[in-house]
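Visitor: Below is the file input-v7.cif, which contains mmCIF, N, CA and C atoms.
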data_target
#
loop_
_atom_site.label_atom_id
_atom_site.label_comp_id
_atom_site.auth_asym_id
_atom_site.auth_seq_id
_atom_site.Cartn_x
_atom_site.Cartn_y
_atom_site.Cartn_z
N MET A 1 44.36 -64.56 265.80
CA MET A 1 43.21 -65.38 265.54
C MET A 1 42.50 -65.68 266.85
N SER A 2 41.18 -65.60 266.80
CA SER A 2 40.41 -65.82 268.03
C SER A 2 40.37 -67.30 268.37
N PRO A 3 40.21 -67.61 269.68
CA PRO A 3 40.21 -69.03 270.09
C PRO A 3 39.04 -69.81 269.50
N GLN A 4 37.92 -69.14 269.24
CA GLN A 4 36.76 -69.85 268.70
C GLN A 4 37.03 -70.26 267.24
N LYS A 5 37.66 -69.33 266.47
CA LYS A 5 37.99 -69.64 265.08
C LYS A 5 39.02 -70.77 265.01
N ALA A 6 39.97 -70.71 265.93
CA ALA A 6 41.01 -71.72 265.94
C ALA A 6 40.44 -73.09 266.24
N SER A 7 39.49 -73.14 267.21
CA SER A 7 38.92 -74.44 267.57
C SER A 7 38.04 -74.98 266.43
N SER A 8 37.31 -74.09 265.75
CA SER A 8 36.47 -74.56 264.65
C SER A 8 37.34 -75.04 263.49
N LYS A 9 38.46 -74.36 263.28
CA LYS A 9 39.37 -74.77 262.22
C LYS A 9 40.00 -76.13 262.56
N ALA A 10 40.32 -76.30 263.83
CA ALA A 10 40.89 -77.57 264.28
C ALA A 10 39.86 -78.68 264.16
N GLN A 11 38.61 -78.38 264.49
CA GLN A 11 37.55 -79.37 264.38
C GLN A 11 37.37 -79.81 262.92
N SER A 12 37.39 -78.83 262.01
CA SER A 12 37.19 -79.18 260.59
C SER A 12 38.39 -79.97 260.06
N ALA A 13 39.59 -79.65 260.55
CA ALA A 13 40.78 -80.39 260.14
C ALA A 13 40.72 -81.82 260.66
N ARG A 14 40.23 -82.00 261.92
CA ARG A 14 40.10 -83.33 262.52
C ARG A 14 39.09 -84.16 261.73
N LYS A 15 37.99 -83.50 261.36
CA LYS A 15 36.92 -84.18 260.62
C LYS A 15 37.44 -84.61 259.24
N ALA A 16 38.21 -83.71 258.60
CA ALA A 16 38.76 -84.03 257.29
C ALA A 16 39.76 -85.16 257.38
N ALA A 17 40.56 -85.19 258.45
CA ALA A 17 41.57 -86.24 258.61
C ALA A 17 40.91 -87.59 258.85
N LEU A 18 39.83 -87.60 259.65
CA LEU A 18 39.16 -88.86 259.95
C LEU A 18 38.35 -89.37 258.74
N LYS A 19 37.59 -88.49 258.16
CA LYS A 19 36.66 -88.89 257.11
C LYS A 19 37.34 -88.91 255.74
N GLY A 20 38.26 -87.99 255.50
CA GLY A 20 38.89 -87.83 254.20
C GLY A 20 38.21 -86.69 253.46
N VAL A 21 38.98 -86.03 252.63
CA VAL A 21 38.45 -84.85 251.94
C VAL A 21 37.50 -85.29 250.83
N GLN A 22 37.92 -86.27 250.05
CA GLN A 22 37.04 -86.76 248.99
C GLN A 22 36.29 -87.96 249.52
N SER A 23 35.08 -87.72 249.92
CA SER A 23 34.33 -88.78 250.58
C SER A 23 33.83 -89.82 249.57
N LYS A 24 33.44 -89.37 248.38
CA LYS A 24 32.91 -90.32 247.39
C LYS A 24 33.89 -90.43 246.24
N LYS A 25 34.35 -91.63 245.96
CA LYS A 25 35.24 -91.85 244.83
C LYS A 25 34.42 -92.50 243.73
N VAL A 26 34.37 -91.83 242.60
CA VAL A 26 33.59 -92.34 241.48
C VAL A 26 34.51 -93.18 240.61
N LYS A 27 34.06 -94.41 240.32
CA LYS A 27 34.84 -95.28 239.45
C LYS A 27 34.47 -95.02 238.01
N LYS A 28 35.49 -94.99 237.13
CA LYS A 28 35.24 -94.77 235.71
C LYS A 28 34.65 -96.04 235.12
N VAL A 29 33.61 -95.88 234.36
CA VAL A 29 32.95 -97.04 233.75
C VAL A 29 33.69 -97.37 232.46
N ARG A 30 34.20 -98.59 232.36
CA ARG A 30 34.90 -99.04 231.16
C ARG A 30 33.88 -99.73 230.26
N THR A 31 33.84 -99.29 229.02
CA THR A 31 32.87 -99.87 228.11
C THR A 31 33.47 -100.91 227.19
N SER A 32 34.80 -101.01 227.16
CA SER A 32 35.41 -102.03 226.30
C SER A 32 36.51 -102.74 227.08
N ALA A 33 36.85 -103.93 226.62
CA ALA A 33 37.83 -104.74 227.34
C ALA A 33 39.27 -104.31 227.03
N THR A 34 39.47 -103.60 225.93
CA THR A 34 40.83 -103.19 225.57
C THR A 34 41.11 -101.80 226.11
N PHE A 35 42.33 -101.63 226.60
CA PHE A 35 42.74 -100.33 227.11
C PHE A 35 43.42 -99.56 226.01
N ARG A 36 42.94 -98.36 225.73
CA ARG A 36 43.54 -97.50 224.72
C ARG A 36 44.26 -96.35 225.42
N LEU A 37 45.51 -96.13 225.03
CA LEU A 37 46.24 -95.01 225.60
C LEU A 37 45.59 -93.70 225.20
N PRO A 38 45.50 -92.77 226.09
CA PRO A 38 44.90 -91.49 225.70
C PRO A 38 45.79 -90.74 224.73
N LYS A 39 45.17 -89.96 223.87
CA LYS A 39 45.90 -89.18 222.89
C LYS A 39 46.53 -87.98 223.60
N THR A 40 47.84 -87.89 223.54
CA THR A 40 48.54 -86.79 224.21
C THR A 40 49.13 -85.87 223.16
N LEU A 41 49.80 -84.84 223.60
CA LEU A 41 50.34 -83.83 222.70
C LEU A 41 51.45 -84.43 221.84
N ARG A 42 51.32 -84.21 220.54
CA ARG A 42 52.36 -84.63 219.62
C ARG A 42 52.80 -83.43 218.81
N HIS A 43 54.06 -83.07 218.93
CA HIS A 43 54.59 -81.92 218.21
C HIS A 43 54.86 -82.29 216.76
N ALA A 44 54.70 -81.31 215.87
CA ALA A 44 55.06 -81.50 214.47
C ALA A 44 56.57 -81.56 214.37
N ARG A 45 57.06 -82.28 213.36
CA ARG A 45 58.50 -82.42 213.21
C ARG A 45 59.12 -81.11 212.75
N THR A 46 60.23 -80.78 213.37
CA THR A 46 60.99 -79.60 212.96
C THR A 46 62.42 -80.05 212.69
N PRO A 47 62.67 -80.57 211.46
CA PRO A 47 64.00 -81.12 211.19
C PRO A 47 65.05 -80.03 211.10
N LYS A 48 66.26 -80.39 211.48
CA LYS A 48 67.38 -79.46 211.44
C LYS A 48 67.91 -79.30 210.00
N TYR A 49 67.76 -80.36 209.18
CA TYR A 49 68.22 -80.31 207.79
C TYR A 49 67.33 -81.23 206.97
N GLU A 50 67.32 -81.02 205.66
CA GLU A 50 66.52 -81.87 204.77
C GLU A 50 67.22 -83.20 204.59
N ARG A 51 66.45 -84.26 204.55
CA ARG A 51 67.03 -85.59 204.41
C ARG A 51 67.46 -85.89 202.97
N LYS A 52 66.82 -85.22 202.00
CA LYS A 52 67.21 -85.41 200.61
C LYS A 52 67.73 -84.10 200.07
N ALA A 53 68.87 -84.15 199.40
CA ALA A 53 69.51 -82.93 198.92
C ALA A 53 68.70 -82.29 197.80
N THR A 54 68.22 -83.12 196.86
CA THR A 54 67.45 -82.59 195.74
C THR A 54 66.13 -83.35 195.65
N PRO A 55 65.06 -82.69 195.22
CA PRO A 55 63.78 -83.41 195.08
C PRO A 55 63.86 -84.40 193.93
N ARG A 56 63.10 -85.48 194.05
CA ARG A 56 63.11 -86.51 193.02
C ARG A 56 62.31 -86.05 191.82
N PHE A 57 62.80 -86.36 190.64
CA PHE A 57 62.08 -86.01 189.42
C PHE A 57 61.20 -87.19 189.01
N ALA A 58 60.25 -86.92 188.16
CA ALA A 58 59.34 -87.96 187.71
C ALA A 58 60.11 -88.96 186.85
N LYS A 59 60.04 -90.21 187.21
CA LYS A 59 60.81 -91.22 186.48
C LYS A 59 60.17 -91.55 185.14
N LEU A 60 58.84 -91.55 185.10
CA LEU A 60 58.16 -91.93 183.87
C LEU A 60 57.69 -90.68 183.13
N ASP A 61 58.49 -90.19 182.22
CA ASP A 61 58.02 -89.14 181.33
C ASP A 61 57.76 -89.77 179.96
N GLN A 62 57.28 -88.98 179.01
CA GLN A 62 56.87 -89.58 177.74
C GLN A 62 58.03 -90.21 176.98
N TYR A 63 59.25 -89.72 177.24
CA TYR A 63 60.42 -90.27 176.53
C TYR A 63 60.85 -91.62 177.11
N SER A 64 60.64 -91.81 178.40
CA SER A 64 61.03 -93.09 178.99
C SER A 64 59.90 -94.12 178.91
N ILE A 65 58.66 -93.67 178.67
CA ILE A 65 57.55 -94.63 178.55
C ILE A 65 57.65 -95.36 177.22
N LEU A 66 57.70 -94.61 176.11
CA LEU A 66 57.82 -95.23 174.79
C LEU A 66 59.30 -95.46 174.50
N ARG A 67 59.72 -96.72 174.57
CA ARG A 67 61.14 -97.00 174.36
C ARG A 67 61.50 -96.92 172.89
N GLN A 68 60.81 -97.75 172.08
CA GLN A 68 61.11 -97.76 170.65
C GLN A 68 59.94 -98.37 169.90
N PRO A 69 59.75 -97.95 168.65
CA PRO A 69 58.72 -98.60 167.84
C PRO A 69 59.23 -99.95 167.35
N LEU A 70 58.33 -100.87 167.18
CA LEU A 70 58.70 -102.21 166.72
C LEU A 70 58.42 -102.28 165.22
N ASN A 71 59.41 -102.67 164.43
CA ASN A 71 59.19 -102.72 162.99
C ASN A 71 59.52 -104.11 162.43
N THR A 72 58.98 -105.12 163.07
CA THR A 72 59.08 -106.47 162.52
C THR A 72 58.03 -106.64 161.44
N GLU A 73 58.03 -107.80 160.77
CA GLU A 73 57.06 -108.03 159.69
C GLU A 73 55.64 -108.02 160.23
N THR A 74 55.44 -108.64 161.38
CA THR A 74 54.08 -108.68 161.94
C THR A 74 53.63 -107.30 162.39
N ALA A 75 54.58 -106.50 162.90
CA ALA A 75 54.23 -105.14 163.30
C ALA A 75 53.85 -104.31 162.08
N MET A 76 54.56 -104.49 160.95
CA MET A 76 54.22 -103.77 159.74
C MET A 76 52.87 -104.22 159.19
N LYS A 77 52.58 -105.51 159.34
CA LYS A 77 51.26 -106.02 158.92
C LYS A 77 50.16 -105.38 159.75
N ASN A 78 50.41 -105.20 161.06
CA ASN A 78 49.44 -104.54 161.93
C ASN A 78 49.23 -103.09 161.50
N ILE A 79 50.31 -102.42 161.11
CA ILE A 79 50.19 -101.03 160.67
C ILE A 79 49.31 -100.95 159.42
N GLU A 80 49.56 -101.85 158.46
CA GLU A 80 48.83 -101.78 157.19
C GLU A 80 47.39 -102.28 157.32
N ASP A 81 47.19 -103.40 158.00
CA ASP A 81 45.86 -104.03 158.01
C ASP A 81 44.94 -103.47 159.10
N TYR A 82 45.49 -103.24 160.30
CA TYR A 82 44.63 -102.90 161.44
C TYR A 82 44.80 -101.46 161.93
N ASN A 83 45.60 -100.67 161.22
CA ASN A 83 45.82 -99.27 161.60
C ASN A 83 46.35 -99.17 163.04
N THR A 84 47.32 -100.04 163.35
CA THR A 84 47.83 -100.18 164.72
C THR A 84 49.34 -100.02 164.74
N LEU A 85 49.84 -99.17 165.63
CA LEU A 85 51.27 -99.03 165.85
C LEU A 85 51.69 -99.96 166.98
N VAL A 86 52.91 -100.49 166.90
CA VAL A 86 53.42 -101.39 167.94
C VAL A 86 54.68 -100.77 168.53
N PHE A 87 54.69 -100.63 169.84
CA PHE A 87 55.82 -100.03 170.55
C PHE A 87 56.28 -100.95 171.66
N LEU A 88 57.58 -100.89 171.95
CA LEU A 88 58.10 -101.45 173.19
C LEU A 88 58.06 -100.34 174.22
N VAL A 89 57.48 -100.61 175.38
CA VAL A 89 57.27 -99.57 176.38
C VAL A 89 57.87 -100.01 177.71
N ASP A 90 57.93 -99.08 178.64
CA ASP A 90 58.43 -99.35 179.99
C ASP A 90 57.45 -100.28 180.71
N VAL A 91 57.98 -101.19 181.49
CA VAL A 91 57.13 -102.18 182.17
C VAL A 91 56.21 -101.51 183.19
N ARG A 92 56.65 -100.40 183.78
CA ARG A 92 55.85 -99.74 184.82
C ARG A 92 54.74 -98.88 184.25
N ALA A 93 54.74 -98.64 182.93
CA ALA A 93 53.74 -97.77 182.32
C ALA A 93 52.43 -98.52 182.14
N ASN A 94 51.32 -97.81 182.43
CA ASN A 94 50.01 -98.41 182.17
C ASN A 94 49.42 -97.81 180.90
N LYS A 95 48.20 -98.21 180.57
CA LYS A 95 47.62 -97.78 179.29
C LYS A 95 47.39 -96.28 179.24
N ARG A 96 47.03 -95.69 180.37
CA ARG A 96 46.84 -94.23 180.38
C ARG A 96 48.15 -93.50 180.15
N HIS A 97 49.23 -94.00 180.76
CA HIS A 97 50.56 -93.41 180.52
C HIS A 97 50.92 -93.48 179.04
N ILE A 98 50.68 -94.64 178.44
CA ILE A 98 51.04 -94.84 177.04
C ILE A 98 50.22 -93.91 176.15
N ARG A 99 48.92 -93.80 176.43
CA ARG A 99 48.04 -92.92 175.64
C ARG A 99 48.52 -91.47 175.70
N ASP A 100 48.87 -91.01 176.91
CA ASP A 100 49.34 -89.63 177.06
C ASP A 100 50.68 -89.41 176.36
N ALA A 101 51.58 -90.40 176.43
CA ALA A 101 52.89 -90.26 175.80
C ALA A 101 52.77 -90.19 174.29
N VAL A 102 51.89 -91.01 173.70
CA VAL A 102 51.69 -90.98 172.25
C VAL A 102 51.09 -89.64 171.85
N LYS A 103 50.16 -89.13 172.65
CA LYS A 103 49.53 -87.84 172.36
C LYS A 103 50.56 -86.71 172.41
N LYS A 104 51.45 -86.74 173.43
CA LYS A 104 52.43 -85.67 173.57
C LYS A 104 53.51 -85.73 172.50
N LEU A 105 53.99 -86.94 172.20
CA LEU A 105 55.11 -87.06 171.28
C LEU A 105 54.71 -86.92 169.81
N TYR A 106 53.59 -87.53 169.43
CA TYR A 106 53.26 -87.61 168.01
C TYR A 106 51.96 -86.88 167.65
N ASP A 107 51.30 -86.24 168.60
CA ASP A 107 50.05 -85.52 168.39
C ASP A 107 48.99 -86.40 167.73
N VAL A 108 48.86 -87.61 168.24
CA VAL A 108 47.91 -88.58 167.68
C VAL A 108 47.07 -89.15 168.81
N ASP A 109 45.75 -89.16 168.62
CA ASP A 109 44.88 -89.82 169.59
C ASP A 109 44.92 -91.32 169.33
N SER A 110 44.60 -92.09 170.35
CA SER A 110 44.56 -93.54 170.19
C SER A 110 43.15 -94.04 170.49
N ALA A 111 42.67 -94.96 169.65
CA ALA A 111 41.33 -95.50 169.85
C ALA A 111 41.35 -96.56 170.94
N LYS A 112 42.36 -97.42 170.92
CA LYS A 112 42.42 -98.51 171.89
C LYS A 112 43.88 -98.92 172.07
N ILE A 113 44.22 -99.34 173.29
CA ILE A 113 45.59 -99.78 173.56
C ILE A 113 45.53 -101.15 174.22
N ASN A 114 46.26 -102.10 173.62
CA ASN A 114 46.42 -103.42 174.22
C ASN A 114 47.89 -103.58 174.61
N THR A 115 48.11 -104.16 175.79
CA THR A 115 49.49 -104.37 176.24
C THR A 115 49.70 -105.83 176.59
N LEU A 116 50.96 -106.24 176.49
CA LEU A 116 51.35 -107.57 176.96
C LEU A 116 52.80 -107.50 177.40
N ILE A 117 53.17 -108.41 178.26
CA ILE A 117 54.57 -108.51 178.69
C ILE A 117 55.15 -109.75 178.05
N ARG A 118 56.20 -109.54 177.27
CA ARG A 118 56.82 -110.64 176.54
C ARG A 118 57.56 -111.56 177.51
N PRO A 119 57.89 -112.78 177.09
CA PRO A 119 58.63 -113.69 177.97
C PRO A 119 59.99 -113.17 178.40
N ASP A 120 60.59 -112.26 177.60
CA ASP A 120 61.88 -111.71 178.02
C ASP A 120 61.71 -110.54 178.98
N GLY A 121 60.47 -110.21 179.38
CA GLY A 121 60.22 -109.21 180.42
C GLY A 121 59.99 -107.81 179.90
N ILE A 122 59.92 -107.62 178.58
CA ILE A 122 59.69 -106.29 178.00
C ILE A 122 58.22 -106.15 177.67
N LYS A 123 57.65 -104.99 177.98
CA LYS A 123 56.23 -104.76 177.70
C LYS A 123 56.06 -104.24 176.28
N LYS A 124 55.04 -104.78 175.60
CA LYS A 124 54.74 -104.37 174.23
C LYS A 124 53.34 -103.78 174.22
N ALA A 125 53.17 -102.69 173.47
CA ALA A 125 51.87 -102.02 173.39
C ALA A 125 51.42 -101.95 171.95
N TYR A 126 50.18 -102.38 171.73
CA TYR A 126 49.54 -102.24 170.43
C TYR A 126 48.62 -101.03 170.52
N ILE A 127 48.95 -99.98 169.76
CA ILE A 127 48.20 -98.72 169.84
C ILE A 127 47.35 -98.60 168.59
N ARG A 128 46.06 -98.84 168.76
CA ARG A 128 45.11 -98.75 167.64
C ARG A 128 44.73 -97.30 167.44
N LEU A 129 44.87 -96.82 166.21
CA LEU A 129 44.57 -95.42 165.90
C LEU A 129 43.15 -95.31 165.36
N PRO A 130 42.52 -94.15 165.52
CA PRO A 130 41.16 -93.99 164.98
C PRO A 130 41.16 -94.06 163.45
N ALA A 131 39.98 -94.24 162.87
CA ALA A 131 39.87 -94.47 161.43
C ALA A 131 40.32 -93.26 160.61
N ASP A 132 40.17 -92.07 161.16
CA ASP A 132 40.53 -90.87 160.39
C ASP A 132 42.03 -90.62 160.34
N VAL A 133 42.81 -91.33 161.18
CA VAL A 133 44.28 -91.17 161.19
C VAL A 133 44.89 -92.43 160.58
N ASP A 134 45.81 -92.25 159.64
CA ASP A 134 46.45 -93.38 158.99
C ASP A 134 47.74 -93.73 159.74
N ALA A 135 47.87 -94.99 160.13
CA ALA A 135 49.03 -95.43 160.89
C ALA A 135 50.30 -95.38 160.04
N LEU A 136 50.18 -95.57 158.73
CA LEU A 136 51.36 -95.49 157.85
C LEU A 136 51.93 -94.08 157.85
N ASP A 137 51.07 -93.07 157.82
CA ASP A 137 51.55 -91.70 157.86
C ASP A 137 52.26 -91.38 159.16
N VAL A 138 51.68 -91.86 160.27
CA VAL A 138 52.30 -91.63 161.57
C VAL A 138 53.65 -92.35 161.64
N ALA A 139 53.72 -93.59 161.11
CA ALA A 139 54.97 -94.32 161.12
C ALA A 139 56.02 -93.62 160.27
N ASN A 140 55.61 -93.04 159.15
CA ASN A 140 56.56 -92.25 158.34
C ASN A 140 57.03 -91.02 159.08
N LYS A 141 56.11 -90.39 159.82
CA LYS A 141 56.47 -89.18 160.58
C LYS A 141 57.46 -89.53 161.70
N ILE A 142 57.24 -90.68 162.32
CA ILE A 142 58.16 -91.13 163.37
C ILE A 142 59.52 -91.46 162.73
N GLY A 143 59.47 -92.08 161.55
CA GLY A 143 60.69 -92.35 160.82
C GLY A 143 61.19 -93.77 160.95
N PHE A 144 60.32 -94.74 161.13
CA PHE A 144 60.82 -96.11 161.17
C PHE A 144 60.35 -96.94 159.99
N ILE A 145 59.74 -96.31 159.00
CA ILE A 145 59.43 -97.03 157.75
C ILE A 145 60.37 -96.50 156.67
#
What would the structure in this file look like if it were written as structure tokens?
Guide:
Amino acid sequence: MSPQKASSKAQSARKAALKGVQSKKVKKVRTSATFRLPKTLRHARTPKYERKATPRFAKLDQYSILRQPLNTETAMKNIEDYNTLVFLVDVRANKRHIRDAVKKLYDVDSAKINTLIRPDGIKKAYIRLPADVDALDVANKIGFI
């Protein structure tokens, strides 16, 4: 290396040492008072084994939704006078569940469904049938009359 190159290199090194390489430091402007951690790399989970041995089956199927038909005197009066079937149903079932279960089990559409929860904690459903379907015939088909 020539002496002139060496001296110029030494001069630039001296200048860098005195002044610093990064002469201007820019401060990041914070726009909010809360500090948010930056989003860093997150790997997808790669489990060594499944946590559940078998997949869970659907708890509410049509057989567990409709528990039993109710055949008390008032329920029979509802069948005869108002074309309405009365069932005891699962507490977790909603009106759509009940409508689908009646359709699947007995091939009957329902015009309207009213539900209530009895004081003993059992849910009761009043299933009003359309005018063209007779509730007595459906009750005979089910087999509780």
Visitor: Determine the residue membership of the PyMOL selection byres ((chain A and resi 83) around 6.5) for the file above and supply it as a ChimeraX atom specification.
Guide: /A:78-82,84-85,127-129,134-136
Visitor: Applied to this file, what does the PyMOL selection byres ((chain A and resi 66-74) around 7) return in terms of residues, put as a list in words?
Guide: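 For this structure, the PyMOL selection byres ((chain A and resi 66-74) around 7) captures Asp61, Gln62, Tyr63, Ser64, Ile65, Ala75, Met76, Lys77, Asn78, Ile79, Leu85, Val86, Phe87, Leu88, Val89, Asp90, Ile98, Ala101 and Phe144 of chain A.
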Visitor: DSSP on the backbone, strand (DSSP E or B) only: what residues of segment 8-142 of chain A does that give? Format it as a PDB file with N, CA and C atoms, in the coordinates of the input.
Guide:
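As written to disk, states20.pdb reads:
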ATOM      1  N   LEU A  66      57.700 -94.610 176.110  1.00  0.00           N
ATOM      2  CA  LEU A  66      57.820 -95.230 174.790  1.00  0.00           C
ATOM      3  C   LEU A  66      59.300 -95.460 174.500  1.00  0.00           C
ATOM      4  N   ARG A  67      59.720 -96.720 174.570  1.00  0.00           N
ATOM      5  CA  ARG A  67      61.140 -97.000 174.360  1.00  0.00           C
ATOM      6  C   ARG A  67      61.500 -96.920 172.890  1.00  0.00           C
ATOM      7  N   GLN A  68      60.810 -97.750 172.080  1.00  0.00           N
ATOM      8  CA  GLN A  68      61.110 -97.760 170.650  1.00  0.00           C
ATOM      9  C   GLN A  68      59.940 -98.370 169.900  1.00  0.00           C
ATOM     10  N   PRO A  69      59.750 -97.950 168.650  1.00  0.00           N
ATOM     11  CA  PRO A  69      58.720 -98.600 167.840  1.00  0.00           C
ATOM     12  C   PRO A  69      59.230 -99.950 167.350  1.00  0.00           C
ATOM     13  N   THR A  84      47.320-100.040 163.350  1.00  0.00           N
ATOM     14  CA  THR A  84      47.830-100.180 164.720  1.00  0.00           C
ATOM     15  C   THR A  84      49.340-100.020 164.740  1.00  0.00           C
ATOM     16  N   LEU A  85      49.840 -99.170 165.630  1.00  0.00           N
ATOM     17  CA  LEU A  85      51.270 -99.030 165.850  1.00  0.00           C
ATOM     18  C   LEU A  85      51.690 -99.960 166.980  1.00  0.00           C
ATOM     19  N   VAL A  86      52.910-100.490 166.900  1.00  0.00           N
ATOM     20  CA  VAL A  86      53.420-101.390 167.940  1.00  0.00           C
ATOM     21  C   VAL A  86      54.680-100.770 168.530  1.00  0.00           C
ATOM     22  N   PHE A  87      54.690-100.630 169.840  1.00  0.00           N
ATOM     23  CA  PHE A  87      55.820-100.030 170.550  1.00  0.00           C
ATOM     24  C   PHE A  87      56.280-100.950 171.660  1.00  0.00           C
ATOM     25  N   LEU A  88      57.580-100.890 171.950  1.00  0.00           N
ATOM     26  CA  LEU A  88      58.100-101.450 173.190  1.00  0.00           C
ATOM     27  C   LEU A  88      58.060-100.340 174.220  1.00  0.00           C
ATOM     28  N   VAL A  89      57.480-100.610 175.380  1.00  0.00           N
ATOM     29  CA  VAL A  89      57.270 -99.570 176.380  1.00  0.00           C
ATOM     30  C   VAL A  89      57.870-100.010 177.710  1.00  0.00           C
ATOM     31  N   LYS A 112      42.360 -97.420 170.920  1.00  0.00           N
ATOM     32  CA  LYS A 112      42.420 -98.510 171.890  1.00  0.00           C
ATOM     33  C   LYS A 112      43.880 -98.920 172.070  1.00  0.00           C
ATOM     34  N   ILE A 113      44.220 -99.340 173.290  1.00  0.00           N
ATOM     35  CA  ILE A 113      45.590 -99.780 173.560  1.00  0.00           C
ATOM     36  C   ILE A 113      45.530-101.150 174.220  1.00  0.00           C
ATOM     37  N   ASN A 114      46.260-102.100 173.620  1.00  0.00           N
ATOM     38  CA  ASN A 114      46.420-103.420 174.220  1.00  0.00           C
ATOM     39  C   ASN A 114      47.890-103.580 174.610  1.00  0.00           C
ATOM     40  N   THR A 115      48.110-104.160 175.790  1.00  0.00           N
ATOM     41  CA  THR A 115      49.490-104.370 176.240  1.00  0.00           C
ATOM     42  C   THR A 115      49.700-105.830 176.590  1.00  0.00           C
ATOM     43  N   LEU A 116      50.960-106.240 176.490  1.00  0.00           N
ATOM     44  CA  LEU A 116      51.350-107.570 176.960  1.00  0.00           C
ATOM     45  C   LEU A 116      52.800-107.500 177.400  1.00  0.00           C
ATOM     46  N   ILE A 117      53.170-108.410 178.260  1.00  0.00           N
ATOM     47  CA  ILE A 117      54.570-108.510 178.690  1.00  0.00           C
ATOM     48  C   ILE A 117      55.150-109.750 178.050  1.00  0.00           C
ATOM     49  N   LYS A 123      57.650-104.990 177.980  1.00  0.00           N
ATOM     50  CA  LYS A 123      56.230-104.760 177.700  1.00  0.00           C
ATOM     51  C   LYS A 123      56.060-104.240 176.280  1.00  0.00           C
ATOM     52  N   LYS A 124      55.040-104.780 175.600  1.00  0.00           N
ATOM     53  CA  LYS A 124      54.740-104.370 174.230  1.00  0.00           C
ATOM     54  C   LYS A 124      53.340-103.780 174.220  1.00  0.00           C
ATOM     55  N   ALA A 125      53.170-102.690 173.470  1.00  0.00           N
ATOM     56  CA  ALA A 125      51.870-102.020 173.390  1.00  0.00           C
ATOM     57  C   ALA A 125      51.420-101.950 171.950  1.00  0.00           C
ATOM     58  N   TYR A 126      50.180-102.380 171.730  1.00  0.00           N
ATOM     59  CA  TYR A 126      49.540-102.240 170.430  1.00  0.00           C
ATOM     60  C   TYR A 126      48.620-101.030 170.520  1.00  0.00           C
ATOM     61  N   ILE A 127      48.950 -99.980 169.760  1.00  0.00           N
ATOM     62  CA  ILE A 127      48.200 -98.720 169.840  1.00  0.00           C
ATOM     63  C   ILE A 127      47.350 -98.600 168.590  1.00  0.00           C
ATOM     64  N   ARG A 128      46.060 -98.840 168.760  1.00  0.00           N
ATOM     65  CA  ARG A 128      45.110 -98.750 167.640  1.00  0.00           C
ATOM     66  C   ARG A 128      44.730 -97.300 167.440  1.00  0.00           C
TER      67      ARG A 128
END
Visitor: How many Å lie between atom CA of Ile113 of chain A and atom CA of Ala139 of chain A, rounded to one decimal?
Guide: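 According to the coordinates, atom CA of Ile113 of chain A and atom CA of Ala139 of chain A are separated by 16.5 Å.
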Visitor: Could you jot down the atom C of Asp107 of chain A to atom C of Tyr126 of chain A separation for me, Å, one decimal place?
Guide: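 Computing the Euclidean distance for atom C of Asp107 of chain A and atom C of Tyr126 of chain A yields 14.9 Å.
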Visitor: Return the single residue from A:Val133, A:Val29, A:Ala6, A:Ala44 that is closest to Asp109 of chain A, with distances computed using only N, CA and C atoms.
Guide: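 Smallest distance to Asp109 of chain A is found for A:Val133.
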Visitor: Could you please write out, as a ChimeraX atom specification, every residue of chain A that DSSP assigns to helix (DSSP H, G or I)?
Guide: /A:3-19,62-65,73-82,95-106,135-142
Visitor: Quick one: pull the distance between atom CA of Thr115 of chain A and atom CA of Lys95 of chain A, Å, one decimal.
Guide: 7.5 Å
Visitor: What's around Val91 of chain A at 9 Å? Count only C-alpha atoms, leave out sequence neighbours fewer than 2 positions away in its own chain, and write the answer as a list in words.
Guide: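 The contact residues come out as Ile65, Val89, Ala93, Asn94, Ile117, Gly121, Ile122, Lys123 and Lys124 of chain A.
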